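Working notes, beginning with the structure itself.
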Amino acid sequence: MTKVNCSIDVHHLTRVEGHGNIHIDIRNGELVDAKWAVVETPRFFEVMVKTMSPARVPFLTSRICGICSISHSLASIRSLERAMEISPPPAAEKLRLLAMHGETLQSHALHIFFLAVPDFVDTPSVIPLVESHPHIVQAGLRLKAAGNAISELVTGRCTHPVSLVLGGVSKAPDKEKLEALRAQLDAVRADLDTTAEFCSTLQIPSFVRETEFVSLRNGNTYPAIGGDLVSTDGVRRDENDYLAMTNEYKPEFTTTKFTRLSRGSFAAGALARFNNNVDLLRPEAVSVARQFGLEPVNHNPFMNNIAQLVECVHIVHDAIDLIDDLLDDPLNELKTPWKPKEGAATGAVEAPRGILYHHMEVDRHGTVCRGDCIIPTTQNNANIHHDLAALARQAADEGKDDQEIRQLCEMLVRAYDPCISCSVH
Amino acid sequence: MQHLGFSTNKLKIGSFDFTCCEGCQLQLANKEETLPEFLDLLDIRNFREISSERFDDYDIALVEGSISRSDEVERLQAIRKQAKILIAYGSCACFGGVNSLKNHFPPDECVHEVYGDSPVETLPVRRISDVVKVDFSIPGCPVSKDEVERIVVSIATGAMISLPKYPVCVECKQQLNTCLFDLGEVCLGPITRAGCNAVCTTGKTACLGCRGPAEDINYRSFRELVKEHGLSLDEMEEKLRFYNCFEEFRDDES
């Protein structure tokens, strides 16, 4: 029998970063209303950067987000280095990539274990799992700790990086500590196996809505810092053309903006990176994707959780190789000297939750005069909004009750791993 | 229950965030090796970011972020009414933090610049203590998990709580770092409260003062120090403004 009426209101959704509300209303089988409304307080970072010295900007913009501060710092750095034609030394580029790996690993581990998994095992938080699934929680904590250890060694601390600066990095990590980090990463490979095995027992909801996926692509390595802007609908643009890729607009019911490209909305994040760059993943990661039947182009948003796991596998193996490379490097050239000069450019990076753009303009006095930041969650908000409507309609057609529909809708939003305070910056 | 040989009661705790990046509450989930023991001290009653269960019978409220909207004022007042102890943690909560940089621009300009013709509500940024009584402050951007853990354990065991009174310079010297002033940068280490283990200067970047002023600071001699090194007073001013915690610098000057 088809269920015809459903009314759901989730005020300040839990287990996500920031404040957002879900509203669903179905009457007599017709969807009357489905909304994903962000109610976060804006902070106006784009105004704050005006009149600031370029050197200070990455330290400010990293504060946009407590989870992906390294991505924000590096997006500003890339934008300002391109604007002022500064080329960082190769060793600094390797260290920056390693820092990105650390951030993505801790962010994905936090999301998979602390935020997403409780829904699949029906507990309100990860805390009861400490008793019921101790080996899973321990594996999750070790993976998250390994990510934080990378960020801490490479950037000085795990949130709000210290040593990522314009021109390069301010300090090289100690080689003995790099060796120890390598050993720590080698050890968590077993935790990745444990996690994959555990995740294969979870019931991923079957829901498909055809979607356009947007990410970076450089053609040589799995994307992290810079590259072309691509979509699964065949769009390819230069990094500086970010506005044509995002087309921001603001609906009245939310404090965040929405974006669109070839369709009404698009998605960014681990699944988007996977869908556009599967050929550049390490074989160990591809084999985990196969275990879950994950192949491009996958249109099930719940599979973003699995794409994150696949990326964790890629990152751990790639970070080990990067460390080997750095151990052979004298690390004596870390920073290119620079002077402020007039210019404007975009810096795009793949933050844990998807493609992140900073665009900065420096005036002839060497001061930043304009800034624009477009956040992955901002790009996902419209897609979440449209997915919610389709998911609620499908669940109501299947005769699910309000409680089940509510749970599915919450899980859908969490699968995108939204970073809401980041999206309202 | 016992913690380090002291008998304790589990602390009924709530964690709440306002205008901020939520990076401080994320620190609570860090230091993974001691996380299970730390969680064992706490009865988490309300912590939206990690749990779907929310109760309003907490005794201790950890409050992160600054205040920049009228609905935040109401929410904060309700938290104050419930909590026996309210702890402001992080530079946004303690000083307004980087959010306060917005206050240097006219509010209309802020809204128009970002939202064009679709205005949103925003008020000048305020500290938590501008709105309600704060029992204890833990500064830092972000806070250090070590310090939060030490303070929470102290509350659980009834021990004395204090922050270092001396400046970051002391911790920096202990690490045998080269002085940032000698590398040509204005560093706020000489006037900023220690307790961060000089993490920024050890990473060879200048202290931006996220922990606020140390006690008994001589601002005049700090200004002289900047001049003696031939460094820019504009750079000094930009750094003093960064976390909004050195207004008294100007009071001292006038």
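As shown in the structure tokens, the chain order sets the letters A, B, ...; within each chain, residues go from 1, and ligands are also counted from 1 in the order they appear.
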
As a ChimeraX atom specification, could you give me every residue of chain A near chain B (at most 8 Å apart, counting only C-alpha atoms)? /A:13-18,41-48,52,60,63-67,114-115,124-126,141-142,144-145,155-157,159-160,162-163,170-171,250,252,255,421-422

Just write the chosen residues, N, CA and C atoms, as a tab-separated table (two decimals), in the first residue's frame.
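result_4.tsv written:
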chain	number	residue	atom	x	y	z
A	13	LEU	N	20.08	19.60	12.40
A	13	LEU	CA	20.48	18.22	12.19
A	13	LEU	C	21.76	17.92	12.98
A	14	THR	N	21.75	16.75	13.65
A	14	THR	CA	22.93	16.37	14.44
A	14	THR	C	23.95	15.62	13.59
A	15	ARG	N	25.11	15.44	14.17
A	15	ARG	CA	26.23	14.72	13.55
A	15	ARG	C	26.58	15.25	12.15
A	16	VAL	N	26.51	16.54	12.01
A	16	VAL	CA	27.09	17.23	10.85
A	16	VAL	C	27.78	18.45	11.40
A	17	GLU	N	28.69	19.01	10.63
A	17	GLU	CA	29.36	20.22	11.04
A	17	GLU	C	28.47	21.40	10.69
A	18	GLY	N	28.05	22.18	11.67
A	18	GLY	CA	27.24	23.37	11.42
A	18	GLY	C	25.73	23.12	11.57
A	41	THR	N	25.28	31.08	10.87
A	41	THR	CA	25.57	32.51	10.95
A	41	THR	C	26.73	32.88	10.03
A	42	PRO	N	26.52	33.82	9.11
A	42	PRO	CA	27.62	34.22	8.23
A	42	PRO	C	28.68	35.03	8.97
A	43	ARG	N	29.94	34.88	8.52
A	43	ARG	CA	31.05	35.58	9.20
A	43	ARG	C	31.70	36.65	8.32
A	44	PHE	N	31.49	36.60	7.00
A	44	PHE	CA	31.97	37.63	6.06
A	44	PHE	C	33.48	37.65	5.84
A	45	PHE	N	34.06	36.49	5.66
A	45	PHE	CA	35.49	36.39	5.40
A	45	PHE	C	35.90	37.17	4.15
A	46	GLU	N	35.01	37.20	3.14
A	46	GLU	CA	35.38	37.89	1.90
A	46	GLU	C	35.55	39.39	2.11
A	47	VAL	N	34.87	39.91	3.15
A	47	VAL	CA	35.05	41.32	3.49
A	47	VAL	C	36.33	41.49	4.31
A	48	MET	N	36.55	40.56	5.24
A	48	MET	CA	37.72	40.67	6.14
A	48	MET	C	39.05	40.69	5.39
A	52	MET	N	43.96	43.52	3.71
A	52	MET	CA	44.93	42.70	4.46
A	52	MET	C	46.19	42.46	3.62
A	60	LEU	N	44.16	33.80	7.97
A	60	LEU	CA	42.77	34.18	8.23
A	60	LEU	C	41.82	33.15	7.61
A	63	ARG	N	40.75	29.85	9.02
A	63	ARG	CA	39.74	29.89	10.10
A	63	ARG	C	38.32	29.79	9.57
A	64	ILE	N	38.15	29.68	8.26
A	64	ILE	CA	36.80	29.46	7.72
A	64	ILE	C	36.29	28.12	8.23
A	65	CYS	N	37.19	27.16	8.38
A	65	CYS	CA	36.72	25.81	8.72
A	65	CYS	C	37.65	25.10	9.69
A	66	GLY	N	37.06	24.51	10.72
A	66	GLY	CA	37.84	23.78	11.71
A	66	GLY	C	38.24	22.40	11.25
A	67	ILE	N	37.58	21.87	10.22
A	67	ILE	CA	37.91	20.52	9.76
A	67	ILE	C	38.84	20.57	8.56
A	114	PHE	N	32.54	8.58	13.13
A	114	PHE	CA	31.83	9.34	14.16
A	114	PHE	C	30.46	9.81	13.68
A	115	LEU	N	30.36	10.16	12.39
A	115	LEU	CA	29.14	10.83	11.92
A	115	LEU	C	28.22	9.88	11.15
A	124	PRO	N	22.72	6.48	18.60
A	124	PRO	CA	22.70	7.94	18.45
A	124	PRO	C	24.08	8.55	18.22
A	125	SER	N	25.15	7.85	18.62
A	125	SER	CA	26.49	8.40	18.43
A	125	SER	C	27.49	7.26	18.40
A	126	VAL	N	28.76	7.60	18.27
A	126	VAL	CA	29.81	6.58	18.22
A	126	VAL	C	30.06	6.02	19.62
A	141	LEU	N	39.82	5.28	15.19
A	141	LEU	CA	40.64	6.25	15.93
A	141	LEU	C	42.08	6.24	15.43
A	142	ARG	N	42.60	5.04	15.11
A	142	ARG	CA	43.98	4.97	14.61
A	142	ARG	C	44.12	5.63	13.24
A	144	LYS	N	42.17	8.09	12.07
A	144	LYS	CA	42.03	9.53	12.30
A	144	LYS	C	43.33	10.07	12.90
A	145	ALA	N	43.90	9.33	13.86
A	145	ALA	CA	45.15	9.77	14.50
A	145	ALA	C	46.28	9.84	13.47
A	155	THR	N	52.56	20.51	9.12
A	155	THR	CA	52.11	21.91	9.21
A	155	THR	C	52.20	22.50	10.61
A	156	GLY	N	52.63	21.71	11.60
A	156	GLY	CA	52.80	22.25	12.95
A	156	GLY	C	51.68	21.87	13.89
A	157	ARG	N	50.46	21.72	13.38
A	157	ARG	CA	49.35	21.21	14.21
A	157	ARG	C	48.22	20.74	13.30
A	159	THR	N	44.85	21.39	13.32
A	159	THR	CA	43.83	22.35	12.88
A	159	THR	C	44.50	23.72	12.82
A	160	HIS	N	44.20	24.48	11.79
A	160	HIS	CA	44.79	25.80	11.57
A	160	HIS	C	46.32	25.72	11.44
A	162	VAL	N	50.29	25.96	10.78
A	162	VAL	CA	51.25	26.97	11.17
A	162	VAL	C	52.24	27.28	10.05
A	163	SER	N	52.75	26.22	9.38
A	163	SER	CA	53.93	26.44	8.53
A	163	SER	C	53.63	26.48	7.02
A	170	SER	N	57.33	27.11	5.87
A	170	SER	CA	58.30	27.83	6.71
A	170	SER	C	59.29	26.90	7.38
A	171	LYS	N	58.94	25.62	7.49
A	171	LYS	CA	59.82	24.70	8.21
A	171	LYS	C	59.67	23.28	7.66
A	250	LYS	N	21.18	32.76	-4.62
A	250	LYS	CA	20.75	32.56	-3.24
A	250	LYS	C	19.23	32.44	-3.13
A	252	GLU	N	15.70	32.17	-1.01
A	252	GLU	CA	15.39	32.99	0.18
A	252	GLU	C	15.32	32.19	1.48
A	255	THR	N	20.66	30.56	4.46
A	255	THR	CA	21.71	31.59	4.49
A	255	THR	C	22.91	31.22	3.62
A	421	SER	N	29.14	25.34	8.49
A	421	SER	CA	29.66	26.66	8.90
A	421	SER	C	30.67	27.15	7.87
A	422	CYS	N	31.33	26.18	7.24
A	422	CYS	CA	32.26	26.49	6.16
A	422	CYS	C	31.50	27.09	4.96

Using only C-alpha atoms, I'd like a table of the residues in segment 347-404 of chain A that come within 10 Å of segment 280-304 of chain A; for each, show the closest atom pair and its distance in Å rounded to one decimal, ordered by chain and ascending number, as a tab-separated table.
residue	atom	partner	partner_atom	distance
A:Arg353	CA	A:Asn304	CA	9.9
A:Asn383	CA	A:Pro301	CA	9.7
A:Ile384	CA	A:Pro301	CA	9.0
A:Asp387	CA	A:Pro301	CA	8.5

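The environment of Ala146 of chain A within 8 Å, counting only C-alpha atoms and disregarding residues fewer than 5 places along the same chain, consists of Gly102, Leu105, Gln106, Leu181, Gln184, Leu185 and Val188 of chain A.
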
Resulting file, chosen residues, C-alpha atoms, as a short mmCIF file (atom, residue, chain, number, x, y, z; two decimals), in the first residue's frame:
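Final output, result33.cif:
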data_model
loop_
_atom_site.label_atom_id
_atom_site.label_comp_id
_atom_site.auth_asym_id
_atom_site.auth_seq_id
_atom_site.Cartn_x
_atom_site.Cartn_y
_atom_site.Cartn_z
CA GLY A 102 46.65 14.20 6.31
CA LEU A 105 42.39 11.17 6.02
CA GLN A 106 41.37 12.66 9.40
CA LEU A 181 55.19 8.67 10.63
CA GLN A 184 52.53 4.65 11.72
CA LEU A 185 51.00 4.77 8.22
CA VAL A 188 47.16 1.54 9.72
#

Can you tell me which residues surround segment 89-92 of chain A at a distance of at most 8 Å, considering only C-alpha atoms, apart from same-chain residues fewer than 2 positions away, and format the answer as a PyMOL selection string? chain A and resi 87+94-96+167-169+326+329+331+333-336

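Between atom CA of Ser66 of chain B and atom CA of His72 of chain A lies a distance of 20.8 Å.
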